[in-house]
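Participant: What follows is a single structure, and I will ask about it in a moment.
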Amino acid sequence: MKKETPFIEVQDLHQRFGDHHVLKGVTTHINKGETVVLLGGSGGGKSVLVKHFVGLLSPYEGKVIVEGEDISDMNERQLGKVRRKVAMMFQNGALFDFLTVGQNIAFPLRERGLKDEAEIERRVIETLEIVRLPGQEDKMPADLSGGMRKRVALARAIVDKATCVLYDEPHAGLDPITADSIDHLIKDLQRDHGMTNIIITHEMRSVFRIADRVIFLKEGNVYWEGTPQEMKDSGDPELTNFIEGRAEPEGACY
């Protein structure tokens, strides 16, 4: 049987900022339709790694391949096509407070030149249904709870038919019940829409609930990969300390 090509493949990826060597030869992959959690202490390189997946950073050395295409040296026009496939949901949601919910969600569509207002409205309404916020398009972000703002941010990320979402601390600032609802939504997107999910989080409850696989970064490289249960059963002191919240911070946040 022919092995399926990974959705995202990282080959010997290095990144430097001045004298600081943040990524030191990362090699890993993300399969299509998989939910992967990136773990590791602050400074381990998680956020820097994820930014390479959408071309926000170019490799110092190495390659990043998305659906068989090397995106490492792509220009902004070429990266536009990649960013329609791979969307990013930022930690604070990054909504425009002066736009309604519907206008926020429609923003990526208008940015790429879609002018058919009926089609834009249809897409917005459809996407609000997916994130379980039907009928909220006329509200302002200030009128929403933290969990609702996260859902609107997710709707904006997927409205242009993205097939992969990168989540940067999606549970930040949420109470446990609301965080659980975000986890259920992430898994529903995977199950019902074939979404590939890549998540940076420190919430171990969520890791064991939603992850198909964990990639653990330490000091700029992949320290360990496997399922959440394999992580729990590994007996590795580094992993055990992280699971139990006893890990030492690594330093600067990247």
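Identifiers for the structure tokens are assigned positionally: chains receive A, B, ... in sequence, residues are indexed from 1 per chain, and ligands are indexed from 1 in the order shown.
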Might you pull out every residue within 8 Å of Ile243 of chain A, with only C-alpha atoms counted and same-chain residues fewer than 3 positions away left off, and present them as a PyMOL selection string?
Facilitator: chain A and resi 204+232+239-240+246
Participant: With C-alpha atoms retained, export the selected residues as a short mmCIF file (atom, residue, chain, number, x, y, z; two decimals), in the first residue's frame.
Facilitator:
data_model
loop_
_atom_site.label_atom_id
_atom_site.label_comp_id
_atom_site.auth_asym_id
_atom_site.auth_seq_id
_atom_site.Cartn_x
_atom_site.Cartn_y
_atom_site.Cartn_z
CA MET A 204 -3.14 18.69 29.69
CA LYS A 232 1.53 9.08 29.90
CA LEU A 239 7.31 14.12 30.05
CA THR A 240 6.04 13.09 33.48
CA ARG A 246 6.41 20.35 37.43
#
Participant: Can you list, as a list of chain:residue names, every protein, DNA or RNA residue that comes within 8 Å of Pro170 of chain A when you count only C-alpha atoms, leaving out same-chain residues fewer than 5 positions away?
Facilitator: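 The residues that qualify are A:Met89, A:Phe90, A:Gln91, A:Lys150, A:Ala179, A:Ile182, A:Ile199, A:Ile200, A:Thr201.
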Participant: Generate the output file for the selected residues, C-alpha atoms, as a PDB file, in the first residue's frame.
Facilitator:
ATOM      1  CA  MET A  89      -6.356  31.262  15.090  1.00  0.00           C
ATOM      2  CA  PHE A  90      -4.457  33.578  17.396  1.00  0.00           C
ATOM      3  CA  GLN A  91      -4.554  33.354  21.183  1.00  0.00           C
ATOM      4  CA  LYS A 150     -12.936  32.324  20.173  1.00  0.00           C
ATOM      5  CA  ALA A 179     -12.624  25.323  27.295  1.00  0.00           C
ATOM      6  CA  ILE A 182     -13.878  24.522  22.361  1.00  0.00           C
ATOM      7  CA  ILE A 199      -2.697  23.056  18.594  1.00  0.00           C
ATOM      8  CA  ILE A 200      -0.281  24.789  20.950  1.00  0.00           C
ATOM      9  CA  THR A 201      -1.589  24.392  24.485  1.00  0.00           C
TER      10      THR A 201
END
Participant: Let me make sure I understand: among A:Met231, A:Leu114, A:Val165, A:Leu109, which one has the smallest atom-to-atom distance to Met195 of chain A if we use only C-alpha atoms?
Facilitator: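 Checking each of A:Met231, A:Leu114, A:Val165, A:Leu109 against Met195 of chain A, counting only C-alpha atoms, the winner is A:Val165.
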Participant: Could you name the residues that touch Leu217 of chain A at 8 Å or less, counting only C-alpha atoms, but leaving out those on the same chain fewer than 3 positions away, as a PyMOL selection string?
Facilitator: chain A and resi 38-41+44-46+220-224
Participant: How would the residues just picked look written out with C-alpha atoms as a CSV table (one decimal), in the first residue's frame?
Facilitator:
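What landed in selection.csv:
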chain,number,residue,atom,x,y,z
A,38,LEU,CA,2.6,20.8,20.2
A,39,LEU,CA,3.9,20.7,23.7
A,40,GLY,CA,7.0,21.9,25.5
A,41,GLY,CA,8.3,24.6,27.8
A,44,GLY,CA,11.1,25.4,23.1
A,45,GLY,CA,10.2,26.7,19.6
A,46,LYS,CA,6.5,25.8,19.3
A,220,GLY,CA,14.5,23.8,19.6
A,221,ASN,CA,14.1,20.2,18.5
A,222,VAL,CA,11.7,17.3,18.7
A,223,TYR,CA,12.3,15.6,22.0
A,224,TRP,CA,9.4,13.0,21.7
Participant: Kindly give the distance, in Å, that separates atom CA of Asp73 of chain A and atom CA of Glu9 of chain A, rounded to a single decimal.
Facilitator: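 About the pair atom CA of Asp73 of chain A and atom CA of Glu9 of chain A: they are 15.0 Å apart.
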Participant: Report as an MDAnalysis selection string all protein, DNA and RNA residues lying within 12 Å of Arg16 of chain A, evaluated on only C-alpha atoms, omitting residues in the same chain fewer than 4 positions from it.
Facilitator: chainID A and resid 20:25 45 48:49 57:61 220 254
Participant: Pull N, CA and C atoms from the residues just selected and write them as a short mmCIF file (atom, residue, chain, number, x, y, z; two decimals), in the first residue's frame.
Facilitator:
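For reference, result_9.cif as written:
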data_model
loop_
_atom_site.label_atom_id
_atom_site.label_comp_id
_atom_site.auth_asym_id
_atom_site.auth_seq_id
_atom_site.Cartn_x
_atom_site.Cartn_y
_atom_site.Cartn_z
N HIS A 20 20.53 33.92 18.51
CA HIS A 20 19.70 32.92 19.20
C HIS A 20 19.23 31.86 18.20
N HIS A 21 19.64 30.64 18.43
CA HIS A 21 19.28 29.50 17.57
C HIS A 21 18.03 28.86 18.16
N VAL A 22 16.85 29.19 17.60
CA VAL A 22 15.57 28.77 18.19
C VAL A 22 15.19 27.36 17.76
N LEU A 23 15.23 27.09 16.47
CA LEU A 23 14.95 25.74 15.97
C LEU A 23 16.26 25.13 15.48
N LYS A 24 16.50 23.88 15.88
CA LYS A 24 17.83 23.28 15.66
C LYS A 24 17.73 21.96 14.90
N GLY A 25 17.08 22.02 13.75
CA GLY A 25 17.00 20.81 12.93
C GLY A 25 15.74 20.00 13.15
N GLY A 45 10.29 26.51 21.09
CA GLY A 45 10.19 26.72 19.64
C GLY A 45 8.83 26.44 19.03
N VAL A 48 7.33 29.47 16.98
CA VAL A 48 8.19 29.71 15.81
C VAL A 48 7.97 28.63 14.76
N LEU A 49 7.87 27.38 15.19
CA LEU A 49 7.63 26.28 14.26
C LEU A 49 6.31 26.48 13.51
N LEU A 57 7.27 32.98 8.71
CA LEU A 57 8.72 32.96 8.83
C LEU A 57 9.28 32.07 7.73
N SER A 58 10.43 32.44 7.21
CA SER A 58 11.13 31.60 6.24
C SER A 58 12.27 30.87 6.94
N PRO A 59 12.52 29.62 6.58
CA PRO A 59 13.57 28.86 7.25
C PRO A 59 14.95 29.49 7.09
N TYR A 60 15.73 29.44 8.15
CA TYR A 60 17.14 29.77 8.06
C TYR A 60 17.85 28.66 7.28
N GLU A 61 17.46 27.43 7.60
CA GLU A 61 17.86 26.25 6.83
C GLU A 61 16.70 25.27 6.88
N GLY A 220 14.49 23.59 21.06
CA GLY A 220 14.53 23.79 19.62
C GLY A 220 14.53 22.56 18.77
N TYR A 254 9.27 31.52 22.68
CA TYR A 254 9.28 31.49 21.20
C TYR A 254 8.29 30.44 20.73
#
Participant: May I have all residues of segment 76-140 of chain A that DSSP, computed from the backbone, assigns to strand (DSSP E), given as a PyMOL selection string?
Facilitator: chain A and resi 86-89
Participant: Write out the residues from the selection above, keeping N, CA and C atoms, as an mmCIF file, in the first residue's frame.
Facilitator:
data_model
loop_
_atom_site.group_PDB
_atom_site.id
_atom_site.type_symbol
_atom_site.label_atom_id
_atom_site.label_comp_id
_atom_site.auth_asym_id
_atom_site.auth_seq_id
_atom_site.Cartn_x
_atom_site.Cartn_y
_atom_site.Cartn_z
ATOM 1 N N VAL A 86 -4.294 26.696 5.087
ATOM 2 C CA VAL A 86 -3.820 26.598 6.468
ATOM 3 C C VAL A 86 -4.060 27.936 7.155
ATOM 4 N N ALA A 87 -5.064 27.980 8.023
ATOM 5 C CA ALA A 87 -5.443 29.225 8.694
ATOM 6 C C ALA A 87 -4.926 29.219 10.125
ATOM 7 N N MET A 88 -4.762 30.405 10.682
ATOM 8 C CA MET A 88 -4.220 30.527 12.037
ATOM 9 C C MET A 88 -5.224 31.228 12.936
ATOM 10 N N MET A 89 -5.493 30.629 14.091
ATOM 11 C CA MET A 89 -6.356 31.262 15.090
ATOM 12 C C MET A 89 -5.483 31.713 16.249
#
Participant: Ranking A:Asn104, A:Thr196, A:Gln136, A:Gln190 by minimum distance to Met148 of chain A and counting only C-alpha atoms, which one comes first?
Facilitator: A:Gln136
